[in-house]
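Asks: This is the structure I have questions about; it appears just below.
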Amino acid sequence: MRRVATLTRALLAAAALALATLAGAQDVTAAPSVQIGSRAFDISRNLRCPVCTSESVADSSAEIAQQMRSLIQEKIDEGLSDAQIYAFFQARYGDWILLDPPKRGVHLLVWLLPVLVGATAIVVVVGMTRRWLAAAAKAEPANPADLERVRAALADAAANPDQRDTGDATGEDG
Amino acid sequence: MKLRRIALIAVVVAAIGALFAFGLLRGNPDDRNITSNLIGKPAPTFALPLYERYWPDYGETFSLQAHVGRPLVINFWASWCLPCYEEAPVLQQAWQTYGPQGVQFVGIQTQDRDKRDEGRTFIARFNLGFPNVLDNDSLVGVDWALYGVPETFFVDASGKVVAKHIGPVTAAVLDQQLGALLR
């Protein structure tokens with residue numbers, strides 16, 4: 001009986017191993033891996049996958065994206081600079097292929113507007129802070145009559161500590 | 001002072017509103033119907049292996065360079081692409097009409113790695129008489145700035161790309177483009 005149980009366990013383990021191996025093998029055939037370096041990966045992250053919707057060449061598993069990744073690696077191996085590789089794809093697909101808009105023409109707005117908005121915000125905040133500080137510095141001196149009344153009230157309170165009006169301060173002594 | 005502040009806020013709100021309206025009205029940024037960068041430029045050349053049935057007429061390799069000098073129709077397709085099945089008989093019909101007039105058609109199976117058997121089945125199914133090649137690594141597709149399949153390019157006799165059609169090509173498009181090229 002024990003031998004049957006051991007045999008069953010061994011068979012189950014072998015089946016699990018076979019399944020795991022099969023699953024691994026299927027992964028490999030389903031997505032032929034393209035070994036690319038980090039530079040190629042960075043470039044492919046800035047290129048739009050032509051057949052996808054809002055996906056970069058780096059993110060897509062589409063066949064053309066895989067080919068573009070290996071093409072980028074080839075171009076790097078040939079000694080091309082990043083700019084030359086971007087220019088290669090731009091010459092074919094136009095600016096559309098770039099996920100980062102080029103820093104020229106109307107695209108410049110995309111780069112300049114955030115800087116302009118940030119700078120404007122800083123100017124506004126600094127201006128308002130200065131205005132508030134100036135207003136605080138220019139605070140009108142207290143009326144001497146009012147000051148005298150406050151002093152008298154304080155002196156009175158100090159002289160008669162037991163007669164403090166606690167009507168509005170319930171639990172103050174508790 | 002208060003009026004100035006209201007005017008300033010109104011300007012800022014109007015500017016943001018204008019930007020928002022521009023974003024809404026400019027259409028889908030992923031719209032693939034973008035004019036090809038290749039239009040007006042020399043057709044990227046290629047030499048790709050032909051399917052066996054075309055060897056007697058064209059040899060084992062189809063080189064685009066060898067066919068410059070006559071109007072060309074370059075059609076990209078894949079065996080998994082349903083619209084390609086829709087346009088294949090249209091292309092075959094047009095080949096029978098315009099081939100004798102000097103137009104060279106070529107079909108390029110792309111984004112279809114190692115799918116030779118599927119390619120042969122596709123070609124046999126529509127009995128495609130014009131040469132068909134396999135772009136196994138899809139690099140010719142990148143050279144031609146392909147967005148997807150099917151796409152069809154028209155090249156004039158000087159070797160310049162004159163038009164591109166995205167999606168299944170129709171008889172009307174072929175007649176219009178080839179009529180202009182043969183004029």
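Following the order of the structure tokens, chains are lettered A, B, ..., residues in each are numbered from 1, and ligands are numbered from 1.
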Could you list, as a VMD selection string, every residue of chain B that has an atom within 6 Å of an atom of chain A, counting only C-alpha atoms?

Replies: chain B and resid 37 111 145 147 to 148

Asks: Please identify all polymer residues within 6 Å of B:Thr152, counting only C-alpha atoms, omitting same-chain residues fewer than 4 positions from it, and present them as a ChimeraX atom specification.

Replies: /B:74-75,164-165

Asks: Could you write out that same residue set with N, CA and C atoms as a PDB file, in the first residue's frame?

Replies:
```
ATOM      1  N   ILE B  74       2.984  47.775 -55.352  1.00  0.00           N
ATOM      2  CA  ILE B  74       3.614  46.955 -54.308  1.00  0.00           C
ATOM      3  C   ILE B  74       2.605  46.766 -53.186  1.00  0.00           C
ATOM      4  N   ASN B  75       2.204  45.525 -53.012  1.00  0.00           N
ATOM      5  CA  ASN B  75       1.147  45.220 -52.040  1.00  0.00           C
ATOM      6  C   ASN B  75       1.717  44.390 -50.886  1.00  0.00           C
ATOM      7  N   LYS B 164      -0.003  55.910 -51.681  1.00  0.00           N
ATOM      8  CA  LYS B 164      -0.073  54.782 -50.752  1.00  0.00           C
ATOM      9  C   LYS B 164      -1.534  54.589 -50.366  1.00  0.00           C
ATOM     10  N   HIS B 165      -1.959  53.344 -50.321  1.00  0.00           N
ATOM     11  CA  HIS B 165      -3.334  53.064 -49.895  1.00  0.00           C
ATOM     12  C   HIS B 165      -3.292  52.164 -48.673  1.00  0.00           C
TER      13      HIS B 165
END
```

Asks: Please provide the set of residues having any atom within 12 Å of B:Glu52, restricted to only C-alpha atoms, with same-chain residues fewer than 6 positions apart removed, written as a PyMOL selection string.

Replies: chain B and resi 58-62+116-117+119-120+123-124+131-134

Asks: Dump all heavy atoms for the selected residues as a short mmCIF file (atom, residue, chain, number, x, y, z; two decimals), in the first residue's frame?

Replies:
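Result file follows (result-v4.cif):
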```cif
data_model
loop_
_atom_site.label_atom_id
_atom_site.label_comp_id
_atom_site.auth_asym_id
_atom_site.auth_seq_id
_atom_site.Cartn_x
_atom_site.Cartn_y
_atom_site.Cartn_z
N TYR B 58 10.53 34.62 -63.05
CA TYR B 58 11.27 35.71 -62.39
C TYR B 58 12.58 35.29 -61.73
O TYR B 58 13.30 36.14 -61.21
CB TYR B 58 10.37 36.37 -61.33
CG TYR B 58 9.15 37.06 -61.88
CD1 TYR B 58 7.95 36.37 -61.99
CD2 TYR B 58 9.20 38.39 -62.30
CE1 TYR B 58 6.81 36.99 -62.51
CE2 TYR B 58 8.07 39.01 -62.81
CZ TYR B 58 6.88 38.31 -62.92
OH TYR B 58 5.77 38.93 -63.43
N GLY B 59 12.85 34.01 -61.70
CA GLY B 59 14.03 33.54 -60.97
C GLY B 59 13.70 33.37 -59.50
O GLY B 59 12.54 33.49 -59.10
N GLU B 60 14.70 33.13 -58.68
CA GLU B 60 14.43 32.82 -57.27
C GLU B 60 14.27 34.06 -56.40
O GLU B 60 13.77 34.00 -55.29
CB GLU B 60 15.55 31.93 -56.71
CG GLU B 60 15.53 30.54 -57.34
CD GLU B 60 16.54 29.60 -56.72
OE1 GLU B 60 17.02 29.89 -55.60
OE2 GLU B 60 16.85 28.59 -57.36
N THR B 61 14.79 35.18 -56.92
CA THR B 61 14.74 36.41 -56.13
C THR B 61 14.08 37.53 -56.94
O THR B 61 14.35 37.65 -58.14
CB THR B 61 16.18 36.84 -55.74
OG1 THR B 61 16.80 35.76 -55.07
CG2 THR B 61 16.19 38.07 -54.84
N PHE B 62 13.26 38.30 -56.26
CA PHE B 62 12.66 39.46 -56.93
C PHE B 62 13.40 40.69 -56.44
O PHE B 62 13.40 41.00 -55.25
CB PHE B 62 11.17 39.56 -56.59
CG PHE B 62 10.49 40.68 -57.33
CD1 PHE B 62 9.84 40.45 -58.53
CD2 PHE B 62 10.49 41.97 -56.81
CE1 PHE B 62 9.21 41.49 -59.21
CE2 PHE B 62 9.88 43.01 -57.48
CZ PHE B 62 9.22 42.77 -58.70
N ARG B 116 5.71 30.20 -44.36
CA ARG B 116 5.83 29.91 -45.80
C ARG B 116 4.66 29.07 -46.30
O ARG B 116 4.12 29.33 -47.37
CB ARG B 116 7.17 29.23 -46.08
CG ARG B 116 8.34 30.18 -45.95
CD ARG B 116 9.68 29.49 -46.13
NE ARG B 116 10.77 30.45 -45.94
CZ ARG B 116 11.24 30.79 -44.75
NH1 ARG B 116 10.75 30.26 -43.65
NH2 ARG B 116 12.22 31.68 -44.65
N ASP B 117 4.31 28.04 -45.52
CA ASP B 117 3.20 27.17 -45.95
C ASP B 117 1.91 27.97 -46.05
O ASP B 117 1.14 27.81 -47.01
CB ASP B 117 3.03 26.00 -44.97
CG ASP B 117 4.16 25.00 -45.13
OD1 ASP B 117 4.85 25.05 -46.18
OD2 ASP B 117 4.38 24.19 -44.20
N GLY B 119 1.70 31.10 -46.56
CA GLY B 119 1.87 31.99 -47.72
C GLY B 119 1.53 31.26 -49.02
O GLY B 119 0.80 31.79 -49.86
N ARG B 120 2.05 30.03 -49.15
CA ARG B 120 1.77 29.23 -50.36
C ARG B 120 0.27 28.97 -50.49
O ARG B 120 -0.30 29.05 -51.58
CB ARG B 120 2.52 27.88 -50.28
CG ARG B 120 3.99 28.03 -50.57
CD ARG B 120 4.69 26.67 -50.63
NE ARG B 120 6.13 26.88 -50.53
CZ ARG B 120 6.84 26.73 -49.43
NH1 ARG B 120 6.27 26.33 -48.32
NH2 ARG B 120 8.14 26.96 -49.43
N ILE B 123 -1.50 32.14 -51.66
CA ILE B 123 -1.24 32.41 -53.09
C ILE B 123 -2.05 31.44 -53.96
O ILE B 123 -2.67 31.84 -54.96
CB ILE B 123 0.27 32.29 -53.38
CG1 ILE B 123 1.01 33.46 -52.70
CG2 ILE B 123 0.54 32.26 -54.88
CD1 ILE B 123 2.51 33.25 -52.57
N ALA B 124 -2.08 30.15 -53.54
CA ALA B 124 -2.79 29.14 -54.33
C ALA B 124 -4.30 29.39 -54.29
O ALA B 124 -5.00 29.21 -55.29
CB ALA B 124 -2.47 27.75 -53.78
N PRO B 131 4.12 38.11 -59.11
CA PRO B 131 5.10 37.53 -58.19
C PRO B 131 4.85 37.91 -56.72
O PRO B 131 4.46 39.05 -56.44
CB PRO B 131 6.43 38.11 -58.67
CG PRO B 131 6.07 39.31 -59.45
CD PRO B 131 4.74 39.04 -60.06
N ASN B 132 5.08 36.96 -55.85
CA ASN B 132 4.94 37.19 -54.41
C ASN B 132 6.20 36.73 -53.69
O ASN B 132 6.75 35.67 -54.00
CB ASN B 132 3.72 36.45 -53.88
CG ASN B 132 2.45 37.24 -54.08
OD1 ASN B 132 2.05 38.05 -53.25
ND2 ASN B 132 1.80 37.03 -55.24
N VAL B 133 6.62 37.55 -52.74
CA VAL B 133 7.86 37.27 -52.00
C VAL B 133 7.56 37.23 -50.50
O VAL B 133 6.51 37.68 -50.07
CB VAL B 133 8.94 38.35 -52.28
CG1 VAL B 133 9.40 38.31 -53.72
CG2 VAL B 133 8.42 39.74 -51.91
N LEU B 134 8.51 36.71 -49.74
CA LEU B 134 8.35 36.68 -48.29
C LEU B 134 9.38 37.60 -47.64
O LEU B 134 10.59 37.45 -47.84
CB LEU B 134 8.55 35.24 -47.76
CG LEU B 134 8.53 35.10 -46.23
CD1 LEU B 134 7.19 35.51 -45.65
CD2 LEU B 134 8.86 33.66 -45.82
#
```

Asks: Residues within 8 Å of B:Ala157, please, as a PyMOL selection string. Count only C-alpha atoms; anything in the same chain fewer than 4 positions from it doesn't count.

Replies: chain B and resi 68-72+181

Asks: What would the file look like if the residues just selected were written as an mmCIF file, in the first residue's frame with N, CA and C atoms?

Replies:
```
data_model
loop_
_atom_site.group_PDB
_atom_site.id
_atom_site.type_symbol
_atom_site.label_atom_id
_atom_site.label_comp_id
_atom_site.auth_asym_id
_atom_site.auth_seq_id
_atom_site.Cartn_x
_atom_site.Cartn_y
_atom_site.Cartn_z
ATOM 1 N N VAL B 68 12.422 48.811 -62.017
ATOM 2 C CA VAL B 68 12.220 50.260 -62.114
ATOM 3 C C VAL B 68 12.269 50.626 -63.598
ATOM 4 N N GLY B 69 11.394 51.523 -64.014
ATOM 5 C CA GLY B 69 11.307 51.862 -65.431
ATOM 6 C C GLY B 69 9.891 51.621 -65.937
ATOM 7 N N ARG B 70 9.088 50.936 -65.086
ATOM 8 C CA ARG B 70 7.678 50.732 -65.403
ATOM 9 C C ARG B 70 6.853 50.989 -64.142
ATOM 10 N N PRO B 71 5.597 51.320 -64.291
ATOM 11 C CA PRO B 71 4.776 51.547 -63.088
ATOM 12 C C PRO B 71 4.719 50.281 -62.228
ATOM 13 N N LEU B 72 4.783 50.480 -60.925
ATOM 14 C CA LEU B 72 4.807 49.335 -60.007
ATOM 15 C C LEU B 72 3.677 49.437 -58.982
ATOM 16 N N LEU B 181 -0.883 56.709 -63.682
ATOM 17 C CA LEU B 181 0.504 56.303 -63.945
ATOM 18 C C LEU B 181 0.722 55.938 -65.417
#
```

Asks: Of the candidates B:Val155, B:Ile108, B:Val161, B:Ile166, which one gets nearest to B:Phe76 if we count only C-alpha atoms?

Replies: B:Ile108

Asks: Please extract the residues of stretch 22-106 of chain B with a backbone DSSP assignment of helix (DSSP H, G or I) and present them as number ranges by chain.

Replies: B: 22-25, 52-58, 64-67, 82-101

Asks: Using only C-alpha atoms, which protein or nucleic acid residues come within 6 Å of stretch 41-48 of chain A? Drop anything in the same chain fewer than 3 positions from it, and give the result as an MDAnalysis selection string.

Replies: chainID A and resid 38 56:58 97:99

Asks: Could those residues be written to a file, using N, CA and C atoms, as a short mmCIF file (atom, residue, chain, number, x, y, z; two decimals), in the first residue's frame?

Replies:
```
data_model
loop_
_atom_site.label_atom_id
_atom_site.label_comp_id
_atom_site.auth_asym_id
_atom_site.auth_seq_id
_atom_site.Cartn_x
_atom_site.Cartn_y
_atom_site.Cartn_z
N SER A 38 20.73 47.86 -23.13
CA SER A 38 19.92 48.91 -22.49
C SER A 38 19.78 50.14 -23.39
N SER A 56 4.81 51.65 -27.15
CA SER A 56 6.14 51.89 -27.70
C SER A 56 6.68 50.59 -28.30
N VAL A 57 7.73 50.73 -29.08
CA VAL A 57 8.39 49.55 -29.66
C VAL A 57 8.92 48.66 -28.54
N ALA A 58 9.35 49.29 -27.43
CA ALA A 58 9.89 48.51 -26.31
C ALA A 58 8.81 47.68 -25.63
N ILE A 97 6.57 58.69 -35.65
CA ILE A 97 7.19 57.52 -35.02
C ILE A 97 7.81 57.87 -33.66
N LEU A 98 8.07 59.15 -33.43
CA LEU A 98 8.72 59.56 -32.18
C LEU A 98 7.69 59.75 -31.08
N LEU A 99 7.90 59.11 -29.94
CA LEU A 99 6.99 59.32 -28.81
C LEU A 99 7.32 60.63 -28.10
#
```

Asks: Expressed in Å to a single decimal, how great is the separation between atom CA of A:Gly37 and atom CA of A:Asp82?

Replies: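 Straight-line distance from atom CA of A:Gly37 to atom CA of A:Asp82 works out to 13.1 Å.
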